[in-house]
Amino acid sequence: MTLTIIFIYLGIVLAIGFLSHRLFRNTGEDYFVASRTIGSFVLLMSLFGTHMTAFAILGASGEAYREGIGVFTLMASSSALMVPVVFFFVGTKVWALGKRYGYLTQIQFFRDRWQSGTLGLLLFIVLVGLLIPYLLIGLMGAGLTFEQMTDGRIPYWFGSLLICLVILTYVSFSGMRGTAWVNTFQTLVFMVLGALTTIVILRGHGGLTQMLAELRQVRPDLLIRGDKMPVSLVVTYTLIPLSVGMFPHIFTHWLTAKKVETFKAPIIFYPLCIAAVWIPSVLLGVTGVVDFPGLEGPAANGVVIMLVEKYAPGILGGLLAAGVFAAIMSSLDSQVLSLGNMFTQDIVRHYEIGGKMSERAQVWWGRIFVFLILALTFVLSLFTSRGIFKLGIWSFTGFASLLPIVIAALYWRRSTKWGAYASLVTVVVAWLYFFSSGSKTLEGTQIMVVAIILPLSALAMVVGSLLSKPPEDVAKFFPDRRR
Amino acid sequence: MKVKKLGLYFAVLLLFFLHNDVWYWFDDHLILGLPAGFTYHVLYCFAVSVLMVALVSQAWPFPDTEEEGS
């Protein structure tokens, strides 16, 4: 039953991808940014779906199993504020400049803003370097979920390969429009199924009040943040969602909006979407403590699957699996497409490898890179240890720390490419330093290292800019917006 | 108009600080059926949404009907 539902779900995803192909215009702008025609609802769903990974369902419940209700404070409500704020202050301006000057990638924007091809190349390397682990985590998560939910009938490698093939098909066929439509469907799936799963499981448990009363008996510490989650950790963790300001795949989705007003609904409803997904995940995680006490380490990440098997196997198990794959694929497809976009536009087209590129050629290069990136990630997923999952937070730390570059690009006329260079180098050096130390918090404290790297990056931007000659010809990036 | 915008930006900053509900940090009693710290942050998400409505309606940095770049 589980397998049947999973395959039906994947079939629907492919069908949506094929349907959207009927609108495909075979131009680079259409393939990579859907010709900037995406409306409010699809933009909200595709942004949210892209941002939420399997972590929002499986990982969040695993964390809640270990840490309690405080996980909602740490990871959900912080994003509920920071992400729409970034959309408001950064996303809208990026869209406006992208529409005006035809940018298809972040690097095109930064190269033009800072008038530096080399800076663009360095940023490209760093952004791709930070995104690859994120891709790997998604694909490995897909393979592990297949294996676990089918009790090993579908081995890890086959599950990962199947997801790669499905993504390759609809992304190749219809590019960003197909991706946005599929993401909309997938986001609705994992939101609805998360709520449904929670209701069924809690009812099977005797209700929410009953579950919380039992939790109070066995692990009352999970009902509070307390000493295990100090305020310093929560305050500094709030900086992690700022990473959304420099994610290549989010940047690309911003560029797809039909008009700037398209951003209004995503900005308003994003916090509610976050609540809709994370409330069930956290509740299921703590419910798991009552039913399956003593799960150690990564075993807790499977607690939702165990709850489903106990309270509603069969159809619900299949639907939950579909929800998990929806969350995984809605991120993977955008990440893969944005990388394909970056290689095509920022390397092949920028350096005119093979000569000037026609619209058709852009699309084909994009498809080739999507294939190559998926193939490479699949091969890497076969040999990478599961410790890679810890890389997720490091990836977000890196992206968040790069935020001063885009903020300065959009808001500070006096900023220069040397400030951007200084900021980038500072982030790379500081990130490598802390990464090699092995701890995501400052030693002896509960302060996330992003709280150190981000201010250093901002300082480097300011100092580097002020010590260098003021830029010329930046007026086009600062149109008059007096109301 | 500028005062209104600044006021809303200040509200964003205020919400950032209000994210740290130290008064509920060790409180395990139930509010609306959930632990106090959980309920607070669920309602926090709704408060953010309300603030975003105010931001987009009162502090939108673009003219109302312009299609940028067209």
# chains A, B, ... in the order shown; residues from 1 in each chain; ligands from 1
>>> residues_around(residues="A:Gln106", least_positions_apart="2", cutoff="8 Å", atoms="only C-alpha atoms", output="MDAnalysis selection string")
chainID A and resid 103:104 108:110 248 251:252
>>> interface_residues(of="chain A", to="chain B", cutoff="7 Å", atoms="only C-alpha atoms", output="VMD selection string")
chain A and resid 69 72 to 73 77 80 to 81 96 99 to 100 209 223 to 226 231 259 to 260 264 267 to 269 271 to 272 275 481
>>> select_by_dssp(residues="chain B", states="alpha helix (DSSP H)", output="ChimeraX atom specification")
/B:2-18,36-58
>>> atom_distance(atom1="atom CA of A:Leu47", atom2="atom CA of A:Glu359")
26.0 Å
>>> residues_around(residues="stretch 474-480 of chain A", least_positions_apart="6", cutoff="10 Å", atoms="only C-alpha atoms", output="list in words")
Lys93, Val94, Ala96, Leu97, Arg100, Tyr101, Asp112, Arg113, Trp114, Gln115, Ala409, Leu410, Tyr411, Trp412, Arg413, Arg414, Ser415 and Thr416 of chain A; Phe62 of chain B
>>> write_last_selection(atoms="N, CA, C and O atoms", output="PDB file, in the first residue's frame")
ATOM      1  N   LYS A  93      13.413  44.133  -3.974  1.00  0.00           N
ATOM      2  CA  LYS A  93      14.401  44.952  -4.707  1.00  0.00           C
ATOM      3  C   LYS A  93      15.159  44.100  -5.728  1.00  0.00           C
ATOM      4  O   LYS A  93      15.458  44.559  -6.827  1.00  0.00           O
ATOM      5  N   VAL A  94      15.480  42.882  -5.339  1.00  0.00           N
ATOM      6  CA  VAL A  94      16.152  41.981  -6.283  1.00  0.00           C
ATOM      7  C   VAL A  94      15.260  41.761  -7.504  1.00  0.00           C
ATOM      8  O   VAL A  94      15.728  41.813  -8.655  1.00  0.00           O
ATOM      9  N   ALA A  96      12.922  43.743  -8.675  1.00  0.00           N
ATOM     10  CA  ALA A  96      12.815  44.970  -9.465  1.00  0.00           C
ATOM     11  C   ALA A  96      14.039  45.165 -10.357  1.00  0.00           C
ATOM     12  O   ALA A  96      13.923  45.489 -11.540  1.00  0.00           O
ATOM     13  N   LEU A  97      15.213  44.941  -9.804  1.00  0.00           N
ATOM     14  CA  LEU A  97      16.433  45.099 -10.600  1.00  0.00           C
ATOM     15  C   LEU A  97      16.542  43.971 -11.627  1.00  0.00           C
ATOM     16  O   LEU A  97      16.979  44.195 -12.763  1.00  0.00           O
ATOM     17  N   ARG A 100      14.253  44.830 -14.479  1.00  0.00           N
ATOM     18  CA  ARG A 100      14.712  45.994 -15.237  1.00  0.00           C
ATOM     19  C   ARG A 100      15.918  45.658 -16.108  1.00  0.00           C
ATOM     20  O   ARG A 100      16.022  46.096 -17.248  1.00  0.00           O
ATOM     21  N   TYR A 101      16.850  44.863 -15.558  1.00  0.00           N
ATOM     22  CA  TYR A 101      18.122  44.628 -16.258  1.00  0.00           C
ATOM     23  C   TYR A 101      18.296  43.198 -16.759  1.00  0.00           C
ATOM     24  O   TYR A 101      19.348  42.851 -17.258  1.00  0.00           O
ATOM     25  N   ASP A 112      27.276  42.789 -12.179  1.00  0.00           N
ATOM     26  CA  ASP A 112      26.882  44.095 -12.709  1.00  0.00           C
ATOM     27  C   ASP A 112      26.984  45.164 -11.625  1.00  0.00           C
ATOM     28  O   ASP A 112      27.476  46.272 -11.863  1.00  0.00           O
ATOM     29  N   ARG A 113      26.525  44.844 -10.439  1.00  0.00           N
ATOM     30  CA  ARG A 113      26.533  45.826  -9.354  1.00  0.00           C
ATOM     31  C   ARG A 113      27.940  46.245  -8.974  1.00  0.00           C
ATOM     32  O   ARG A 113      28.214  47.428  -8.768  1.00  0.00           O
ATOM     33  N   TRP A 114      28.820  45.260  -8.864  1.00  0.00           N
ATOM     34  CA  TRP A 114      30.180  45.562  -8.427  1.00  0.00           C
ATOM     35  C   TRP A 114      31.144  45.738  -9.594  1.00  0.00           C
ATOM     36  O   TRP A 114      32.320  46.043  -9.394  1.00  0.00           O
ATOM     37  N   GLN A 115      30.645  45.549 -10.830  1.00  0.00           N
ATOM     38  CA  GLN A 115      31.500  45.697 -12.019  1.00  0.00           C
ATOM     39  C   GLN A 115      32.768  44.858 -11.897  1.00  0.00           C
ATOM     40  O   GLN A 115      33.877  45.348 -12.142  1.00  0.00           O
ATOM     41  N   ALA A 409      24.748  45.818  -1.521  1.00  0.00           N
ATOM     42  CA  ALA A 409      24.496  45.983  -2.953  1.00  0.00           C
ATOM     43  C   ALA A 409      23.177  46.727  -3.196  1.00  0.00           C
ATOM     44  O   ALA A 409      23.071  47.542  -4.116  1.00  0.00           O
ATOM     45  N   LEU A 410      22.204  46.480  -2.351  1.00  0.00           N
ATOM     46  CA  LEU A 410      20.875  47.059  -2.575  1.00  0.00           C
ATOM     47  C   LEU A 410      20.669  48.401  -1.879  1.00  0.00           C
ATOM     48  O   LEU A 410      19.853  49.209  -2.330  1.00  0.00           O
ATOM     49  N   TYR A 411      21.359  48.605  -0.756  1.00  0.00           N
ATOM     50  CA  TYR A 411      21.029  49.767   0.082  1.00  0.00           C
ATOM     51  C   TYR A 411      22.150  50.773   0.281  1.00  0.00           C
ATOM     52  O   TYR A 411      21.883  51.877   0.764  1.00  0.00           O
ATOM     53  N   TRP A 412      23.378  50.446  -0.032  1.00  0.00           N
ATOM     54  CA  TRP A 412      24.481  51.340   0.293  1.00  0.00           C
ATOM     55  C   TRP A 412      25.235  51.727  -0.975  1.00  0.00           C
ATOM     56  O   TRP A 412      26.059  50.989  -1.476  1.00  0.00           O
ATOM     57  N   ARG A 413      24.961  52.939  -1.457  1.00  0.00           N
ATOM     58  CA  ARG A 413      25.599  53.419  -2.678  1.00  0.00           C
ATOM     59  C   ARG A 413      27.122  53.459  -2.557  1.00  0.00           C
ATOM     60  O   ARG A 413      27.831  53.244  -3.523  1.00  0.00           O
ATOM     61  N   ARG A 414      27.578  53.752  -1.342  1.00  0.00           N
ATOM     62  CA  ARG A 414      29.016  53.972  -1.145  1.00  0.00           C
ATOM     63  C   ARG A 414      29.799  52.650  -1.129  1.00  0.00           C
ATOM     64  O   ARG A 414      31.024  52.642  -1.223  1.00  0.00           O
ATOM     65  N   SER A 415      29.072  51.515  -1.044  1.00  0.00           N
ATOM     66  CA  SER A 415      29.778  50.231  -0.975  1.00  0.00           C
ATOM     67  C   SER A 415      30.500  49.975  -2.295  1.00  0.00           C
ATOM     68  O   SER A 415      30.060  50.406  -3.361  1.00  0.00           O
ATOM     69  N   THR A 416      31.618  49.292  -2.180  1.00  0.00           N
ATOM     70  CA  THR A 416      32.458  49.048  -3.369  1.00  0.00           C
ATOM     71  C   THR A 416      32.727  47.557  -3.510  1.00  0.00           C
ATOM     72  O   THR A 416      32.476  46.768  -2.591  1.00  0.00           O
TER      73      THR A 416
ATOM     74  N   PHE B  62       7.355  50.418  -3.129  1.00  0.00           N
ATOM     75  CA  PHE B  62       7.168  50.612  -4.565  1.00  0.00           C
ATOM     76  C   PHE B  62       5.827  51.284  -4.810  1.00  0.00           C
ATOM     77  O   PHE B  62       4.897  51.102  -4.037  1.00  0.00           O
TER      78      PHE B  62
END
>>> select_by_dssp(residues="chain B", states="strand (DSSP E or B)", output="list of chain:residue names")
B:Leu30, B:Ile31, B:Leu34, B:Pro35
>>> atom_distance(atom1="atom CA of A:Gly49", atom2="atom CA of A:Ala326")
8.3 Å
>>> atom_distance(atom1="atom CA of A:Pro241", atom2="atom CA of A:Leu193")
24.5 Å
>>> closest_residue(among="A:Lys356, A:Arg177, A:Lys417, A:Arg219", to="A:Val42", atoms="only C-alpha atoms")
A:Arg177
>>> residues_around(residues="A:Val13", least_positions_apart="6", cutoff="12 Å", atoms="only C-alpha atoms", output="list in words")
Ile6, Phe7, Leu19, Ser20, Ile163, Leu165, Val166, Ile167, Leu168, Thr169, Tyr170, Val171, Gly178, Thr179, Ala180, Trp181, Val182, Asn183, Thr184, Phe185, Gln186, Thr187, Val189, Ala322, Phe325, Ala326, Met329, Ser330 and Asp333 of chain A
>>> write_last_selection(atoms="N, CA and C atoms", output="JSON list (two decimals), in the first residue's frame")
[["chain", "number", "residue", "atom", "x", "y", "z"],
["A", 6, "ILE", "N", 3.10, 5.93, -2.96],
["A", 6, "ILE", "CA", 4.30, 6.69, -3.35],
["A", 6, "ILE", "C", 4.39, 6.80, -4.86],
["A", 7, "PHE", "N", 4.16, 5.68, -5.55],
["A", 7, "PHE", "CA", 4.28, 5.72, -7.01],
["A", 7, "PHE", "C", 3.16, 6.53, -7.66],
["A", 19, "LEU", "N", 2.41, 18.70, -18.05],
["A", 19, "LEU", "CA", 1.36, 19.70, -18.37],
["A", 19, "LEU", "C", 1.97, 21.09, -18.51],
["A", 20, "SER", "N", 2.87, 21.42, -17.59],
["A", 20, "SER", "CA", 3.44, 22.76, -17.62],
["A", 20, "SER", "C", 4.34, 22.94, -18.85],
["A", 163, "ILE", "N", 14.22, 9.21, -7.23],
["A", 163, "ILE", "CA", 13.94, 10.64, -7.01],
["A", 163, "ILE", "C", 14.72, 11.49, -8.02],
["A", 165, "LEU", "N", 15.61, 10.67, -11.02],
["A", 165, "LEU", "CA", 15.02, 10.53, -12.35],
["A", 165, "LEU", "C", 13.74, 11.33, -12.47],
["A", 166, "VAL", "N", 12.93, 11.32, -11.41],
["A", 166, "VAL", "CA", 11.67, 12.08, -11.44],
["A", 166, "VAL", "C", 11.98, 13.57, -11.56],
["A", 167, "ILE", "N", 12.91, 14.05, -10.73],
["A", 167, "ILE", "CA", 13.26, 15.48, -10.77],
["A", 167, "ILE", "C", 13.85, 15.83, -12.12],
["A", 168, "LEU", "N", 14.77, 14.99, -12.60],
["A", 168, "LEU", "CA", 15.41, 15.25, -13.90],
["A", 168, "LEU", "C", 14.36, 15.40, -15.00],
["A", 169, "THR", "N", 13.34, 14.56, -14.95],
["A", 169, "THR", "CA", 12.32, 14.56, -16.00],
["A", 169, "THR", "C", 11.54, 15.87, -16.00],
["A", 170, "TYR", "N", 10.95, 16.24, -14.84],
["A", 170, "TYR", "CA", 10.09, 17.42, -14.92],
["A", 170, "TYR", "C", 10.88, 18.73, -14.97],
["A", 171, "VAL", "N", 12.07, 18.75, -14.38],
["A", 171, "VAL", "CA", 12.88, 19.97, -14.46],
["A", 171, "VAL", "C", 13.39, 20.16, -15.88],
["A", 178, "GLY", "N", 7.56, 24.46, -14.57],
["A", 178, "GLY", "CA", 7.20, 23.13, -14.07],
["A", 178, "GLY", "C", 7.59, 22.98, -12.62],
["A", 179, "THR", "N", 8.78, 23.47, -12.29],
["A", 179, "THR", "CA", 9.25, 23.38, -10.91],
["A", 179, "THR", "C", 8.32, 24.13, -9.97],
["A", 180, "ALA", "N", 7.90, 25.33, -10.36],
["A", 180, "ALA", "CA", 7.01, 26.14, -9.50],
["A", 180, "ALA", "C", 5.66, 25.46, -9.34],
["A", 181, "TRP", "N", 5.11, 24.93, -10.41],
["A", 181, "TRP", "CA", 3.81, 24.25, -10.32],
["A", 181, "TRP", "C", 3.90, 22.99, -9.47],
["A", 182, "VAL", "N", 4.96, 22.20, -9.71],
["A", 182, "VAL", "CA", 5.13, 20.97, -8.93],
["A", 182, "VAL", "C", 5.34, 21.32, -7.46],
["A", 183, "ASN", "N", 6.13, 22.36, -7.21],
["A", 183, "ASN", "CA", 6.35, 22.79, -5.82],
["A", 183, "ASN", "C", 5.05, 23.19, -5.15],
["A", 184, "THR", "N", 4.18, 23.85, -5.88],
["A", 184, "THR", "CA", 2.88, 24.25, -5.33],
["A", 184, "THR", "C", 2.11, 23.01, -4.89],
["A", 185, "PHE", "N", 2.05, 22.01, -5.77],
["A", 185, "PHE", "CA", 1.37, 20.75, -5.44],
["A", 185, "PHE", "C", 2.05, 20.09, -4.25],
["A", 186, "GLN", "N", 3.36, 20.02, -4.29],
["A", 186, "GLN", "CA", 4.10, 19.33, -3.23],
["A", 186, "GLN", "C", 3.96, 20.03, -1.88],
["A", 187, "THR", "N", 3.95, 21.34, -1.90],
["A", 187, "THR", "CA", 3.80, 22.09, -0.65],
["A", 187, "THR", "C", 2.43, 21.83, -0.04],
["A", 189, "VAL", "N", 0.66, 19.22, -0.50],
["A", 189, "VAL", "CA", 0.67, 17.82, -0.03],
["A", 189, "VAL", "C", 1.29, 17.73, 1.36],
["A", 322, "ALA", "N", 4.59, 10.13, 0.96],
["A", 322, "ALA", "CA", 4.42, 11.11, -0.13],
["A", 322, "ALA", "C", 4.73, 12.51, 0.38],
["A", 325, "PHE", "N", 8.51, 12.95, 0.69],
["A", 325, "PHE", "CA", 9.14, 13.14, -0.62],
["A", 325, "PHE", "C", 8.77, 14.48, -1.22],
["A", 326, "ALA", "N", 7.55, 14.94, -0.94],
["A", 326, "ALA", "CA", 7.14, 16.26, -1.40],
["A", 326, "ALA", "C", 8.07, 17.33, -0.84],
["A", 329, "MET", "N", 11.65, 16.84, -2.49],
["A", 329, "MET", "CA", 11.74, 17.18, -3.91],
["A", 329, "MET", "C", 11.48, 18.65, -4.17],
["A", 330, "SER", "N", 10.64, 19.27, -3.35],
["A", 330, "SER", "CA", 10.34, 20.69, -3.58],
["A", 330, "SER", "C", 11.56, 21.56, -3.32],
["A", 333, "ASP", "N", 14.51, 20.16, -6.46],
["A", 333, "ASP", "CA", 14.31, 20.57, -7.85],
["A", 333, "ASP", "C", 14.77, 22.02, -8.06]]
>>> residues_around(residues="A:Ala195", least_positions_apart="5", cutoff="9 Å", atoms="only C-alpha atoms", output="ChimeraX atom specification")
/A:190,200,276-277,279-281
>>> write_last_selection(atoms="N, CA, C and O atoms", output="compact mmCIF listing (two decimals), in the first residue's frame")
# COMPACT_ATOMS: atom_id res chain seq x y z
N PHE A 190 2.50 18.28 1.53
CA PHE A 190 3.13 18.06 2.83
C PHE A 190 2.49 18.88 3.93
O PHE A 190 2.52 18.49 5.09
N VAL A 200 -4.67 12.27 13.30
CA VAL A 200 -4.93 10.83 13.43
C VAL A 200 -4.13 10.26 14.60
O VAL A 200 -4.65 9.50 15.42
N ALA A 276 1.88 26.14 10.25
CA ALA A 276 1.08 24.99 9.79
C ALA A 276 1.93 23.73 9.64
O ALA A 276 1.43 22.62 9.81
N VAL A 277 3.19 23.87 9.31
CA VAL A 277 4.06 22.69 9.13
C VAL A 277 4.76 22.31 10.43
O VAL A 277 4.87 21.13 10.77
N ILE A 279 4.02 23.10 13.72
CA ILE A 279 3.20 22.68 14.87
C ILE A 279 3.01 21.16 14.85
O ILE A 279 3.29 20.49 15.86
N PRO A 280 2.55 20.58 13.74
CA PRO A 280 2.43 19.12 13.71
C PRO A 280 3.75 18.40 13.97
O PRO A 280 3.79 17.43 14.72
N SER A 281 4.82 18.89 13.36
CA SER A 281 6.11 18.20 13.51
C SER A 281 6.55 18.17 14.97
O SER A 281 7.00 17.13 15.47
>>> residues_around(residues="A:Gly340", least_positions_apart="3", cutoff="7 Å", atoms="only C-alpha atoms", output="short mmCIF file (atom, residue, chain, number, x, y, z; two decimals) with N, CA and C atoms, in the first residue's frame")
data_model
loop_
_atom_site.label_atom_id
_atom_site.label_comp_id
_atom_site.auth_asym_id
_atom_site.auth_seq_id
_atom_site.Cartn_x
_atom_site.Cartn_y
_atom_site.Cartn_z
N VAL A 336 18.66 22.22 -7.82
CA VAL A 336 19.30 21.68 -9.01
C VAL A 336 19.13 22.64 -10.19
N LEU A 337 17.94 23.18 -10.35
CA LEU A 337 17.69 24.10 -11.46
C LEU A 337 18.51 25.37 -11.29
N PHE A 343 25.54 27.55 -13.73
CA PHE A 343 26.61 27.06 -14.62
C PHE A 343 26.40 27.55 -16.05
N THR A 344 25.15 27.53 -16.50
CA THR A 344 24.86 27.95 -17.87
C THR A 344 25.14 29.43 -18.07
N GLY A 366 21.33 24.27 -19.92
CA GLY A 366 20.68 24.14 -18.61
C GLY A 366 20.29 22.70 -18.32
N PHE A 369 23.36 20.55 -17.59
CA PHE A 369 23.90 20.77 -16.25
C PHE A 369 22.98 20.19 -15.19
N VAL A 370 21.68 20.27 -15.37
CA VAL A 370 20.75 19.65 -14.41
C VAL A 370 21.07 18.16 -14.32
#
>>> decode(residues="stretch 151-171 of chain A", atoms="N, CA and C atoms", output="mmCIF file, in the first residue's frame")
data_model
loop_
_atom_site.group_PDB
_atom_site.id
_atom_site.type_symbol
_atom_site.label_atom_id
_atom_site.label_comp_id
_atom_site.auth_asym_id
_atom_site.auth_seq_id
_atom_site.Cartn_x
_atom_site.Cartn_y
_atom_site.Cartn_z
ATOM 1 N N ASP A 151 10.628 -0.827 4.616
ATOM 2 C CA ASP A 151 11.333 -1.889 5.362
ATOM 3 C C ASP A 151 12.427 -2.532 4.526
ATOM 4 N N GLY A 152 13.122 -1.689 3.765
ATOM 5 C CA GLY A 152 14.258 -2.192 2.998
ATOM 6 C C GLY A 152 13.913 -2.814 1.659
ATOM 7 N N ARG A 153 12.600 -2.912 1.324
ATOM 8 C CA ARG A 153 12.256 -3.509 0.017
ATOM 9 C C ARG A 153 12.806 -2.651 -1.127
ATOM 10 N N ILE A 154 12.786 -1.344 -0.908
ATOM 11 C CA ILE A 154 13.451 -0.467 -1.875
ATOM 12 C C ILE A 154 14.740 -0.001 -1.220
ATOM 13 N N PRO A 155 15.884 -0.457 -1.744
ATOM 14 C CA PRO A 155 17.152 -0.087 -1.108
ATOM 15 C C PRO A 155 17.441 1.401 -1.266
ATOM 16 N N TYR A 156 18.288 1.878 -0.417
ATOM 17 C CA TYR A 156 18.671 3.293 -0.377
ATOM 18 C C TYR A 156 19.044 3.811 -1.758
ATOM 19 N N TRP A 157 19.909 3.089 -2.459
ATOM 20 C CA TRP A 157 20.429 3.610 -3.726
ATOM 21 C C TRP A 157 19.325 3.729 -4.768
ATOM 22 N N PHE A 158 18.389 2.797 -4.755
ATOM 23 C CA PHE A 158 17.324 2.828 -5.745
ATOM 24 C C PHE A 158 16.366 3.981 -5.458
ATOM 25 N N GLY A 159 16.094 4.203 -4.161
ATOM 26 C CA GLY A 159 15.216 5.309 -3.791
ATOM 27 C C GLY A 159 15.792 6.642 -4.217
ATOM 28 N N SER A 160 17.092 6.843 -3.971
ATOM 29 C CA SER A 160 17.759 8.080 -4.382
ATOM 30 C C SER A 160 17.728 8.226 -5.895
ATOM 31 N N LEU A 161 17.995 7.119 -6.591
ATOM 32 C CA LEU A 161 18.028 7.176 -8.059
ATOM 33 C C LEU A 161 16.646 7.501 -8.620
ATOM 34 N N LEU A 162 15.624 6.907 -8.028
ATOM 35 C CA LEU A 162 14.265 7.152 -8.514
ATOM 36 C C LEU A 162 13.898 8.630 -8.367
ATOM 37 N N ILE A 163 14.222 9.214 -7.229
ATOM 38 C CA ILE A 163 13.938 10.637 -7.014
ATOM 39 C C ILE A 163 14.717 11.486 -8.016
ATOM 40 N N CYS A 164 15.976 11.125 -8.254
ATOM 41 C CA CYS A 164 16.782 11.858 -9.257
ATOM 42 C C CYS A 164 16.102 11.834 -10.621
ATOM 43 N N LEU A 165 15.614 10.668 -11.024
ATOM 44 C CA LEU A 165 15.023 10.527 -12.354
ATOM 45 C C LEU A 165 13.735 11.329 -12.470
ATOM 46 N N VAL A 166 12.933 11.316 -11.410
ATOM 47 C CA VAL A 166 11.674 12.080 -11.442
ATOM 48 C C VAL A 166 11.984 13.572 -11.556
ATOM 49 N N ILE A 167 12.909 14.045 -10.734
ATOM 50 C CA ILE A 167 13.265 15.476 -10.766
ATOM 51 C C ILE A 167 13.855 15.832 -12.118
ATOM 52 N N LEU A 168 14.774 14.990 -12.604
ATOM 53 C CA LEU A 168 15.410 15.251 -13.897
ATOM 54 C C LEU A 168 14.359 15.398 -14.996
ATOM 55 N N THR A 169 13.343 14.558 -14.952
ATOM 56 C CA THR A 169 12.316 14.564 -15.995
ATOM 57 C C THR A 169 11.537 15.871 -15.997
ATOM 58 N N TYR A 170 10.950 16.240 -14.842
ATOM 59 C CA TYR A 170 10.089 17.419 -14.922
ATOM 60 C C TYR A 170 10.876 18.729 -14.968
ATOM 61 N N VAL A 171 12.068 18.747 -14.377
ATOM 62 C CA VAL A 171 12.877 19.968 -14.459
ATOM 63 C C VAL A 171 13.391 20.158 -15.882
#
